[in-house]
Amino acid sequence: MSELHHECGVAAIYHLPGGDESRLSPDAGRDSISYLLPRMLQDIQNRGQLAAGMTTYNPDRSLILDTMKDIGTVAEVFRLSHRGKSEAIMEAYAGRAAIGHVRYATCGQDDRSYAQPFERQHIHKNKWFSFCFNGQLANYTDLRDRLMKDGEHHLARDTDTEIIMHELGRELTLSANRSLIDVFASAAKKFDGAFSIAILNAKGELLLARDPLGIKPLCYATDGRLFAAASESVALLNLGFDRDAILSVPPGHAILVTPDGIQIERYCETPKPAHCFFEWIYFANVASTLDERSVYLSRTRLGEELARIELSRNQIPIDNDTIVVPVPDTSKAAADAMAYRMRIPSREGLIRNRYSGRTFIEGGRARKAKASSKYTPLREVLDGKRVILVEDSIVRSTTMKVLLHRIRELGGAKEIHVRVACPPIIAPCFYGIDMSTIDELFAPKFLENGMLTEAGQDRMAEQLGCDSLRYLPVESIARAIDLPSNHLCQACITGKYPTPVGQQLYSIAQANHLSGKSDSRTYELNPVV
């Protein structure tokens with residue numbers, strides 16, 4: 001199956017000429033940014049574990065742009081556990097600027113050619129560029145069909161990354177004198193979807209751009225002559241930038257970095273933002289701040305919402321045998337806050353295998369096998385206890401079913417009450433998260449006239465194998481993130497999409513669901529025209 005959906009991460013770094021070189025490396029000068037870029041990618045490894053890569057810019061070598069990418073984690077690709085091999089790579093790819101990417105695939109496309117960045121060589125420096133992006137074009141099918149209709153074009157890969165590369169190349173061909181921001185602005189007029197993108201060309205120009213709705217996160221910071229950007233703030237914070245110096249790129253804006261300096265400008269009209277709420281709920285590193293909203297504090301408030309609702313229900317006996325247990329790691333902040341408000345212990349009854357990866361961002365066939373080895377229940381904590389199990393979300397339910405069985409059989413819990421710090425996922429995502437059809441989702445089949453009821457949640461609990469299950473209501477999300485509801489993309493929990501093609505695709509997905517055609521992705525079954 002074609003790899004169309006992905007949740008990835010981008011990073012970029014640029015050392016402008018002149019200024020203090022000491023920030024870069026104790027034993028290297030301005031060309032040591034190749035040492036820093038992999039470090040940044042490691043900090044956003046949570047966003048993708050299948051492949052990693054970087055492109056560096058060095059005008060003093062024949063390959064002004066040079067790209068290294070491969071299948072594997074950042075540490076594997078850049079040989080970080082082997083000092084000699086790692087040093088050789090960093091020296092070979094030394095440069096004044098770099099962009100990098102971490103990626104995962106949703107359907108087993110473990111092909112190096114799909115790894116990013118994508119580089120397009122050309123004899124003209126302004127047309128020789130490399131780029132990487134996090135996101136998804138909802139109108140991918142339409143763009144592909146328009147490109148291919150004359151029979152004179154060919155796509156080597158069935159992915160929107162290649163579509164973007166060709167659209168950028170076409171715009172560069174139309175005019176050699178436009179600025180890189182203008183070139184990107186012209187190409188982006190055709191895009192419906194979500195993206196944070198980094199482009200580096202052989203003239204030494206670096207462009208960072210965020211989609212008009214700000215669906216995907218992107219932040220940046222400067223310190224003297226050093227500029228850096230990444231999908232998440234934690235990558236910049238750990239690089240040594242002051243927290244107050246880290247800013248979010250506004251939706252619909254682009255940053256252009258050249259040897260002459262840095263400029264930021266709006267490249268398109270920007271309606272109300274539609275930030276992906278799932279970033280705060282699950283994807284982002286808990287240490288990150290996205291659009292001036294702390295991921296940790298947002299998850300803490302989600303736990304407080306769970307506690308408030310639980311106390312108002314008063315359905316679970318609270319005694320010495322009652323404990324709260326988080327599903328590590330993304331649920332810990334919510335679980336701790338819930339337990340604190342309810343005045344019951346929060347215990348780590350599940351120990352996560354740090355080397356198993358994240359099952360939500362693994363290929364489908366691997367999820368069940370991964371889930372069984374991902375967590376070890378601690379019988380010393382769980383035996384004979386009434387467990388309130390806090391999870392950040394339930395998408396397909398594969399992990400949850402396996403986990404509940406292990407908690408009961410291996411952990412010895414006498415009761416398990418699942419509390420989800422998120423509303424039910426009822427609709428696909430067409431903006432870059434691995435949820436493409438309605439049938440693959442757990443919750444929709446339990447809705448009654450499109451509504452979540454207590455009876456429906458009771459049926460969910462029975463199928464999963466827990467004593468009870470309750471979700472947060474939709475309105476809790478905006479309160480927890482501390483943003484207006486209409487400034488968030490909540491399409492996967494409401495069915496209301498922020499872009500026209502997204503809404504069209506949902507209508508198609510609903511029709512496919514009703515007709516039993518959901519064995520393939522919505523894109524593949526119904527091209528958007």
# chains A, B, ... in the order shown; residues from 1 in each chain; ligands from 1
>>> select_by_dssp(residues="region 105-332 of chain A", states="alpha helix (DSSP H)", output="MDAnalysis selection string")
chainID A and resid 140:148 160:174 180:188 233:237 278 295:313 332
>>> write_last_selection(atoms="C-alpha atoms", output="mmCIF file, in the first residue's frame")
data_model
loop_
_atom_site.group_PDB
_atom_site.id
_atom_site.type_symbol
_atom_site.label_atom_id
_atom_site.label_comp_id
_atom_site.auth_asym_id
_atom_site.auth_seq_id
_atom_site.Cartn_x
_atom_site.Cartn_y
_atom_site.Cartn_z
ATOM 1 C CA TYR A 140 -2.579 14.888 -3.023
ATOM 2 C CA THR A 141 -4.644 12.833 -5.487
ATOM 3 C CA ASP A 142 -5.815 15.897 -7.364
ATOM 4 C CA LEU A 143 -2.283 17.316 -7.609
ATOM 5 C CA ARG A 144 -0.943 13.959 -8.782
ATOM 6 C CA ASP A 145 -3.616 13.537 -11.462
ATOM 7 C CA ARG A 146 -3.113 17.057 -12.812
ATOM 8 C CA LEU A 147 0.611 16.483 -13.003
ATOM 9 C CA MET A 148 0.242 13.152 -14.798
ATOM 10 C CA ASP A 160 2.985 13.859 -1.692
ATOM 11 C CA THR A 161 6.620 14.611 -0.834
ATOM 12 C CA GLU A 162 7.548 14.059 -4.470
ATOM 13 C CA ILE A 163 4.565 16.156 -5.581
ATOM 14 C CA ILE A 164 5.844 19.073 -3.503
ATOM 15 C CA MET A 165 9.325 18.658 -4.984
ATOM 16 C CA HIS A 166 7.932 18.875 -8.522
ATOM 17 C CA GLU A 167 5.723 21.865 -7.716
ATOM 18 C CA LEU A 168 8.694 23.727 -6.260
ATOM 19 C CA GLY A 169 10.807 22.796 -9.267
ATOM 20 C CA ARG A 170 8.146 24.047 -11.646
ATOM 21 C CA GLU A 171 7.885 27.386 -9.853
ATOM 22 C CA LEU A 172 11.661 27.788 -9.912
ATOM 23 C CA THR A 173 11.648 27.185 -13.663
ATOM 24 C CA LEU A 174 9.026 29.878 -14.258
ATOM 25 C CA LEU A 180 12.561 31.804 -2.402
ATOM 26 C CA ILE A 181 9.601 33.034 -0.355
ATOM 27 C CA ASP A 182 7.754 34.073 -3.530
ATOM 28 C CA VAL A 183 8.558 30.753 -5.172
ATOM 29 C CA PHE A 184 7.156 28.854 -2.217
ATOM 30 C CA ALA A 185 4.116 31.118 -1.956
ATOM 31 C CA SER A 186 3.202 30.365 -5.576
ATOM 32 C CA ALA A 187 3.562 26.621 -5.065
ATOM 33 C CA ALA A 188 1.648 26.661 -1.773
ATOM 34 C CA SER A 233 10.773 23.556 21.079
ATOM 35 C CA VAL A 234 12.569 20.847 23.061
ATOM 36 C CA ALA A 235 15.100 20.475 20.238
ATOM 37 C CA LEU A 236 16.010 24.162 20.532
ATOM 38 C CA LEU A 237 15.961 24.237 24.312
ATOM 39 C CA PHE A 278 -3.406 15.790 19.057
ATOM 40 C CA VAL A 295 2.469 20.259 26.517
ATOM 41 C CA TYR A 296 3.037 19.211 30.132
ATOM 42 C CA LEU A 297 0.576 21.726 31.570
ATOM 43 C CA SER A 298 -2.014 20.831 28.949
ATOM 44 C CA ARG A 299 -1.794 17.160 29.876
ATOM 45 C CA THR A 300 -1.963 18.076 33.548
ATOM 46 C CA ARG A 301 -5.194 19.968 32.938
ATOM 47 C CA LEU A 302 -6.573 16.978 31.054
ATOM 48 C CA GLY A 303 -6.030 14.935 34.221
ATOM 49 C CA GLU A 304 -7.806 17.586 36.256
ATOM 50 C CA GLU A 305 -10.726 17.366 33.831
ATOM 51 C CA LEU A 306 -10.803 13.588 34.312
ATOM 52 C CA ALA A 307 -10.833 14.023 38.095
ATOM 53 C CA ARG A 308 -13.585 16.637 38.027
ATOM 54 C CA ILE A 309 -15.849 14.422 35.934
ATOM 55 C CA GLU A 310 -15.033 11.289 37.939
ATOM 56 C CA LEU A 311 -15.806 12.953 41.247
ATOM 57 C CA SER A 312 -19.117 14.221 39.881
ATOM 58 C CA ARG A 313 -20.053 10.685 38.741
ATOM 59 C CA LYS A 332 1.707 10.215 33.185
#
>>> select_by_dssp(residues="region 423-527 of chain A", states="strand (DSSP E or B)", output="ChimeraX atom specification")
/A:448,451,468-471,488-489
>>> write_last_selection(atoms="N, CA and C atoms", output="PDB file, in the first residue's frame")
ATOM      1  N   GLU A 448     -24.209   6.142  18.940  1.00  0.00           N
ATOM      2  CA  GLU A 448     -25.646   6.035  18.708  1.00  0.00           C
ATOM      3  C   GLU A 448     -26.134   7.333  18.084  1.00  0.00           C
ATOM      4  N   MET A 451     -23.690   9.982  18.443  1.00  0.00           N
ATOM      5  CA  MET A 451     -23.448  10.491  19.784  1.00  0.00           C
ATOM      6  C   MET A 451     -22.809   9.412  20.665  1.00  0.00           C
ATOM      7  N   SER A 468     -15.002  -0.712  33.284  1.00  0.00           N
ATOM      8  CA  SER A 468     -15.709   0.473  32.797  1.00  0.00           C
ATOM      9  C   SER A 468     -14.759   1.287  31.932  1.00  0.00           C
ATOM     10  N   LEU A 469     -15.346   2.138  31.097  1.00  0.00           N
ATOM     11  CA  LEU A 469     -14.570   3.006  30.203  1.00  0.00           C
ATOM     12  C   LEU A 469     -15.290   4.329  30.084  1.00  0.00           C
ATOM     13  N   ARG A 470     -14.560   5.413  30.227  1.00  0.00           N
ATOM     14  CA  ARG A 470     -15.151   6.740  30.041  1.00  0.00           C
ATOM     15  C   ARG A 470     -14.131   7.646  29.341  1.00  0.00           C
ATOM     16  N   TYR A 471     -14.635   8.441  28.407  1.00  0.00           N
ATOM     17  CA  TYR A 471     -13.839   9.414  27.673  1.00  0.00           C
ATOM     18  C   TYR A 471     -14.097  10.825  28.211  1.00  0.00           C
ATOM     19  N   LEU A 488      -8.482  25.309  17.079  1.00  0.00           N
ATOM     20  CA  LEU A 488      -7.905  23.974  17.088  1.00  0.00           C
ATOM     21  C   LEU A 488      -8.503  23.141  15.965  1.00  0.00           C
ATOM     22  N   CYS A 489      -7.684  22.285  15.366  1.00  0.00           N
ATOM     23  CA  CYS A 489      -8.221  21.255  14.480  1.00  0.00           C
ATOM     24  C   CYS A 489      -8.604  20.075  15.366  1.00  0.00           C
TER      25      CYS A 489
END
>>> atom_distance(atom1="CA of Ser113 (chain A)", atom2="CA of Ile71 (chain A)")
9.3 Å
>>> closest_atom_pairs(of="region 176-222 of chain A", to="region 57-60 of chain A", cutoff="8 Å", atoms="only C-alpha atoms", output="JSON lines")
{"residue": "A:Leu200", "atom": "CA", "partner": "A:Tyr57", "partner_atom": "CA", "distance": 7.7}
{"residue": "A:Asn201", "atom": "CA", "partner": "A:Tyr57", "partner_atom": "CA", "distance": 7.8}
{"residue": "A:Ala202", "atom": "CA", "partner": "A:Tyr57", "partner_atom": "CA", "distance": 6.9}
{"residue": "A:Gly204", "atom": "CA", "partner": "A:Tyr57", "partner_atom": "CA", "distance": 6.6}
>>> write_last_selection(atoms="N, CA and C atoms", output="compact mmCIF listing (two decimals), in the first residue's frame")
# COMPACT_ATOMS: atom_id res chain seq x y z
N LEU A 200 16.36 24.06 1.60
CA LEU A 200 17.73 24.57 1.57
C LEU A 200 18.23 24.49 0.14
N ASN A 201 18.73 25.61 -0.42
CA ASN A 201 19.22 25.55 -1.80
C ASN A 201 20.72 25.79 -1.87
N ALA A 202 21.27 25.62 -3.08
CA ALA A 202 22.72 25.68 -3.27
C ALA A 202 23.25 27.10 -3.28
N GLY A 204 22.75 28.81 -0.63
CA GLY A 204 22.88 29.02 0.80
C GLY A 204 21.67 29.70 1.41
>>> closest_atom_pairs(of="region 301-321 of chain A", to="region 404-417 of chain A", cutoff="12 Å", atoms="only C-alpha atoms", output="CSV")
residue,atom,partner,partner_atom,distance
A:Glu310,CA,A:His417,CA,11.1
A:Gln315,CA,A:His417,CA,10.4
A:Ile316,CA,A:His417,CA,8.3
A:Pro317,CA,A:Glu415,CA,10.9
A:Asp321,CA,A:Lys414,CA,9.5
>>> write_last_selection(atoms="C-alpha atoms", output="PDB file, in the first residue's frame")
ATOM      1  CA  GLU A 310     -15.033  11.289  37.939  1.00  0.00           C
ATOM      2  CA  GLN A 315     -19.196   5.608  40.414  1.00  0.00           C
ATOM      3  CA  ILE A 316     -15.862   4.090  41.455  1.00  0.00           C
ATOM      4  CA  PRO A 317     -15.366   3.270  45.159  1.00  0.00           C
ATOM      5  CA  ASP A 321      -7.347  -0.545  47.266  1.00  0.00           C
TER       6      ASP A 321
END
>>> atom_distance(atom1="CA of Phe195 (chain A)", atom2="CA of Asp211 (chain A)")
5.2 Å
>>> closest_residue(among="A:Phe129, A:Tyr506, A:Phe430, A:Trp280", to="Leu206 (chain A)", atoms="only C-alpha atoms")
A:Phe129
>>> closest_atom_pairs(of="region 380-421 of chain A", to="region 334-340 of chain A", cutoff="12 Å", atoms="only C-alpha atoms", output="tab-separated table")
residue	atom	partner	partner_atom	distance
A:Val387	CA	A:Ala339	CA	11.4
A:Ile388	CA	A:Ala335	CA	8.9
A:Leu389	CA	A:Ala335	CA	8.1
A:Val390	CA	A:Ala335	CA	5.7
A:Glu391	CA	A:Ala335	CA	8.2
A:Asp392	CA	A:Ala334	CA	8.0
A:Ser393	CA	A:Ala334	CA	11.6
A:Val418	CA	A:Ala335	CA	11.2
A:Arg419	CA	A:Ala335	CA	9.3
A:Val420	CA	A:Ala334	CA	9.6
A:Ala421	CA	A:Ala334	CA	7.1
>>> closest_residue(among="A:Pro500, A:Gln116, A:Arg39, A:Gly100", to="Asp70 (chain A)", atoms="only C-alpha atoms")
A:Gln116
>>> residues_around(residues="Ile477 (chain A)", least_positions_apart="2", cutoff="9 Å", atoms="only C-alpha atoms", output="ChimeraX atom specification")
/A:277,281,298,302,421-423,472-475,479-483,485,490
>>> closest_residue(among="A:Ala478, A:Ile262, A:Val501, A:Val395", to="Gly224 (chain A)", atoms="only C-alpha atoms")
A:Ile262
>>> closest_residue(among="A:Lys272, A:Ile351, A:Gly432, A:Thr399", to="Gly9 (chain A)", atoms="only C-alpha atoms")
A:Gly432
>>> atom_distance(atom1="CA of Leu41 (chain A)", atom2="CA of Ser372 (chain A)")
28.0 Å
